[in-house]
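Asks: Below you will find the structure I want to go over with you.
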Amino acid sequence: MNKLKLVILISGRGSNMLAILEACNKPEFPAEIVAVISNNPGAAGLEKAQENGIAIAAINHRDFDSRDDFDSALHDKIRSFHPDLICLAGFMRILGAEFVHKWENKIINIHPSLLPDYKGTNTHERVIADGITESGCSVHYVTPELDSGDIIVQKTVSVLPQDTPDTLAARILEVEHLAYPEAIVKIAEKQAE
Ligand code: GRF
């Protein structure tokens, strides 16, 4: 099987990255991780990736004067791994339009809401404040407009009356870990058609 080569971009703990890694460890899974890159050199997920024998790199956005310069360094680093797909998994930097165009239809992201509702940050706080009874996660293609590209997989969870942003985030995280591998399988199947 010709596996999809994934570069995963993270900024923090990397639980979605680990869920993808676990899926990749199954022989029948149609993808493999070629590198994990973070804008945050202290990201806990980087260490976990390294422990699992995956190539890692840190490109600290603070070392660059502009977003364009950061994007360009990130682009070069990613290109050196020749990925088929870039997976944003808790990557907390907005990528500029030029970067996104260079990787058209090759960048996907996971967002903790049922898009197109609740784009942006603080989704759980806003869902709870609005009294919505269902939330979830969306894996979607990345376009220059934030959280707006085509949706690949969504999963729904109930919002309970006693939920806090933390309890809701934890319930959604569980389905994120299923949704991301599913989205990768869908993309691999589409490419094999
Ligand atoms: C996830 O909830 C993801 O949806 C959001 O940031 C969080 C990242 O978690 N964009 P992790 O680093 O994958 O554990």
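By order of appearance in the structure tokens: chains A, B, ..., then residues from 1 within every chain, and ligands from 1 in the order shown.
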Using only C-alpha atoms and all ligand atoms, which protein or nucleic acid residues are at most 9 Å from ligand 1, as a ChimeraX atom specification?
Replies: /A:10-19,43-45,88-92,109-113,121,137-139,169-170,172-173,176-177
Asks: To test your reading of the structure, identify every residue in region 9-193 of chain A that backbone DSSP assigns to alpha helix (DSSP H), and report it as a VMD selection string.
Replies: chain A and resid 15 to 24 44 to 51 67 to 79 97 to 102 123 to 130 165 to 192
Asks: Any chance you could export the current selection's C-alpha atoms as a PDB file, in the first residue's frame?
Replies:
```
ATOM      1  CA  SER A  15      -3.221  14.225  22.081  1.00  0.00           C
ATOM      2  CA  ASN A  16      -4.674  14.326  18.556  1.00  0.00           C
ATOM      3  CA  MET A  17      -1.195  13.696  17.173  1.00  0.00           C
ATOM      4  CA  LEU A  18      -0.950  10.612  19.427  1.00  0.00           C
ATOM      5  CA  ALA A  19      -4.383   9.400  18.297  1.00  0.00           C
ATOM      6  CA  ILE A  20      -3.216   9.664  14.679  1.00  0.00           C
ATOM      7  CA  LEU A  21       0.022   7.883  15.598  1.00  0.00           C
ATOM      8  CA  GLU A  22      -1.903   5.048  17.232  1.00  0.00           C
ATOM      9  CA  ALA A  23      -3.978   4.683  14.072  1.00  0.00           C
ATOM     10  CA  CYS A  24      -0.812   4.744  11.933  1.00  0.00           C
ATOM     11  CA  ALA A  44       4.824  18.433  25.288  1.00  0.00           C
ATOM     12  CA  GLY A  45       3.713  16.682  22.112  1.00  0.00           C
ATOM     13  CA  LEU A  46       7.147  17.105  20.520  1.00  0.00           C
ATOM     14  CA  GLU A  47       8.760  15.020  23.217  1.00  0.00           C
ATOM     15  CA  LYS A  48       6.072  12.349  22.885  1.00  0.00           C
ATOM     16  CA  ALA A  49       6.613  12.205  19.128  1.00  0.00           C
ATOM     17  CA  GLN A  50      10.355  11.846  19.627  1.00  0.00           C
ATOM     18  CA  GLU A  51       9.851   9.057  22.162  1.00  0.00           C
ATOM     19  CA  ARG A  67       4.181  36.076   9.938  1.00  0.00           C
ATOM     20  CA  ASP A  68       5.322  35.805   6.317  1.00  0.00           C
ATOM     21  CA  ASP A  69       8.878  35.030   7.424  1.00  0.00           C
ATOM     22  CA  PHE A  70       7.633  32.408   9.870  1.00  0.00           C
ATOM     23  CA  ASP A  71       5.336  30.873   7.248  1.00  0.00           C
ATOM     24  CA  SER A  72       8.183  30.728   4.780  1.00  0.00           C
ATOM     25  CA  ALA A  73      10.537  28.957   7.227  1.00  0.00           C
ATOM     26  CA  LEU A  74       7.733  26.562   8.132  1.00  0.00           C
ATOM     27  CA  HIS A  75       7.039  25.898   4.453  1.00  0.00           C
ATOM     28  CA  ASP A  76      10.688  25.047   3.778  1.00  0.00           C
ATOM     29  CA  LYS A  77      10.868  22.729   6.773  1.00  0.00           C
ATOM     30  CA  ILE A  78       7.641  20.940   5.842  1.00  0.00           C
ATOM     31  CA  ARG A  79       8.746  20.596   2.206  1.00  0.00           C
ATOM     32  CA  ALA A  97      -2.950  32.946   2.488  1.00  0.00           C
ATOM     33  CA  GLU A  98       0.304  32.514   0.576  1.00  0.00           C
ATOM     34  CA  PHE A  99       1.267  29.481   2.679  1.00  0.00           C
ATOM     35  CA  VAL A 100      -2.205  27.980   2.338  1.00  0.00           C
ATOM     36  CA  HIS A 101      -2.147  28.404  -1.458  1.00  0.00           C
ATOM     37  CA  LYS A 102       1.214  26.650  -1.678  1.00  0.00           C
ATOM     38  CA  THR A 123     -15.865  27.663  21.453  1.00  0.00           C
ATOM     39  CA  HIS A 124     -16.939  25.769  24.582  1.00  0.00           C
ATOM     40  CA  GLU A 125     -17.515  28.942  26.607  1.00  0.00           C
ATOM     41  CA  ARG A 126     -19.683  30.342  23.817  1.00  0.00           C
ATOM     42  CA  VAL A 127     -21.631  27.087  23.278  1.00  0.00           C
ATOM     43  CA  ILE A 128     -22.441  26.898  27.011  1.00  0.00           C
ATOM     44  CA  ALA A 129     -23.362  30.585  27.230  1.00  0.00           C
ATOM     45  CA  ASP A 130     -25.758  30.136  24.288  1.00  0.00           C
ATOM     46  CA  PRO A 165     -15.956  24.503  29.334  1.00  0.00           C
ATOM     47  CA  ASP A 166     -13.466  21.935  30.670  1.00  0.00           C
ATOM     48  CA  THR A 167     -15.906  19.019  30.940  1.00  0.00           C
ATOM     49  CA  LEU A 168     -17.314  19.789  27.495  1.00  0.00           C
ATOM     50  CA  ALA A 169     -13.796  20.077  26.021  1.00  0.00           C
ATOM     51  CA  ALA A 170     -12.897  16.668  27.491  1.00  0.00           C
ATOM     52  CA  ARG A 171     -16.021  15.015  26.035  1.00  0.00           C
ATOM     53  CA  ILE A 172     -15.324  16.542  22.628  1.00  0.00           C
ATOM     54  CA  LEU A 173     -11.635  15.561  22.766  1.00  0.00           C
ATOM     55  CA  GLU A 174     -12.643  11.886  22.946  1.00  0.00           C
ATOM     56  CA  VAL A 175     -14.493  12.149  19.640  1.00  0.00           C
ATOM     57  CA  GLU A 176     -11.697  14.271  18.124  1.00  0.00           C
ATOM     58  CA  HIS A 177      -9.418  11.279  18.585  1.00  0.00           C
ATOM     59  CA  LEU A 178     -11.786   9.170  16.459  1.00  0.00           C
ATOM     60  CA  ALA A 179     -12.587  11.869  13.929  1.00  0.00           C
ATOM     61  CA  TYR A 180      -9.016  12.697  12.887  1.00  0.00           C
ATOM     62  CA  PRO A 181      -7.999   9.171  11.844  1.00  0.00           C
ATOM     63  CA  GLU A 182     -11.369   8.757  10.078  1.00  0.00           C
ATOM     64  CA  ALA A 183     -10.779  11.927   8.082  1.00  0.00           C
ATOM     65  CA  ILE A 184      -7.333  10.707   7.012  1.00  0.00           C
ATOM     66  CA  VAL A 185      -8.811   7.382   5.855  1.00  0.00           C
ATOM     67  CA  LYS A 186     -11.459   9.262   3.846  1.00  0.00           C
ATOM     68  CA  ILE A 187      -8.808  11.371   2.121  1.00  0.00           C
ATOM     69  CA  ALA A 188      -6.657   8.315   1.357  1.00  0.00           C
ATOM     70  CA  GLU A 189      -9.659   6.505  -0.102  1.00  0.00           C
ATOM     71  CA  LYS A 190     -10.552   9.505  -2.251  1.00  0.00           C
ATOM     72  CA  GLN A 191      -7.004   9.724  -3.585  1.00  0.00           C
ATOM     73  CA  ALA A 192      -6.982   5.995  -4.398  1.00  0.00           C
TER      74      ALA A 192
END
```
Asks: Identify, on the basis of only C-alpha atoms, every residue whose closest approach to Asn60 (chain A) does not exceed 8 Å; exclude the query and any residue fewer than 6 positions from it along the same chain; express the result as a PDB file with N, CA, C and O atoms, in the first residue's frame.
Replies:
```pdb
ATOM      1  N   SER A  38       6.505  21.841  15.523  1.00  0.00           N
ATOM      2  CA  SER A  38       5.786  22.756  16.413  1.00  0.00           C
ATOM      3  C   SER A  38       6.353  24.170  16.313  1.00  0.00           C
ATOM      4  O   SER A  38       7.547  24.359  16.108  1.00  0.00           O
ATOM      5  N   ASN A  39       5.479  25.138  16.488  1.00  0.00           N
ATOM      6  CA  ASN A  39       5.926  26.535  16.607  1.00  0.00           C
ATOM      7  C   ASN A  39       6.387  26.817  18.032  1.00  0.00           C
ATOM      8  O   ASN A  39       6.930  27.889  18.298  1.00  0.00           O
ATOM      9  N   ASN A  40       6.120  25.858  18.933  1.00  0.00           N
ATOM     10  CA  ASN A  40       6.440  26.031  20.347  1.00  0.00           C
ATOM     11  C   ASN A  40       7.477  24.979  20.742  1.00  0.00           C
ATOM     12  O   ASN A  40       7.140  23.801  20.884  1.00  0.00           O
ATOM     13  N   PRO A  41       8.726  25.393  20.930  1.00  0.00           N
ATOM     14  CA  PRO A  41       9.773  24.407  21.228  1.00  0.00           C
ATOM     15  C   PRO A  41       9.490  23.619  22.506  1.00  0.00           C
ATOM     16  O   PRO A  41       9.986  22.512  22.672  1.00  0.00           O
TER      17      PRO A  41
END
```
Asks: Quick one: pick out all strand (DSSP E) residues within region 2-58 of chain A from a backbone DSSP run and write them as a ChimeraX atom specification.
Replies: /A:4-10,31-38,56-58
Asks: Which residue gives the smallest distance to Ile56 (chain A) among A:Phe29, A:Gly149, A:Gly131, A:Leu9, with only C-alpha atoms counted?
Replies: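 Closest candidate: A:Leu9.
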Asks: Give me, please, the distance in Å between CA of Ile54 (chain A) and CA of Lys106 (chain A), quoted to one decimal.
Replies: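 One can read the CA of Ile54 (chain A) to CA of Lys106 (chain A) distance as 20.5 Å.
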Asks: Give me, please, the distance in Å between CA of Glu134 (chain A) and CA of Ile94 (chain A), quoted to one decimal.
Replies: 26.7 Å
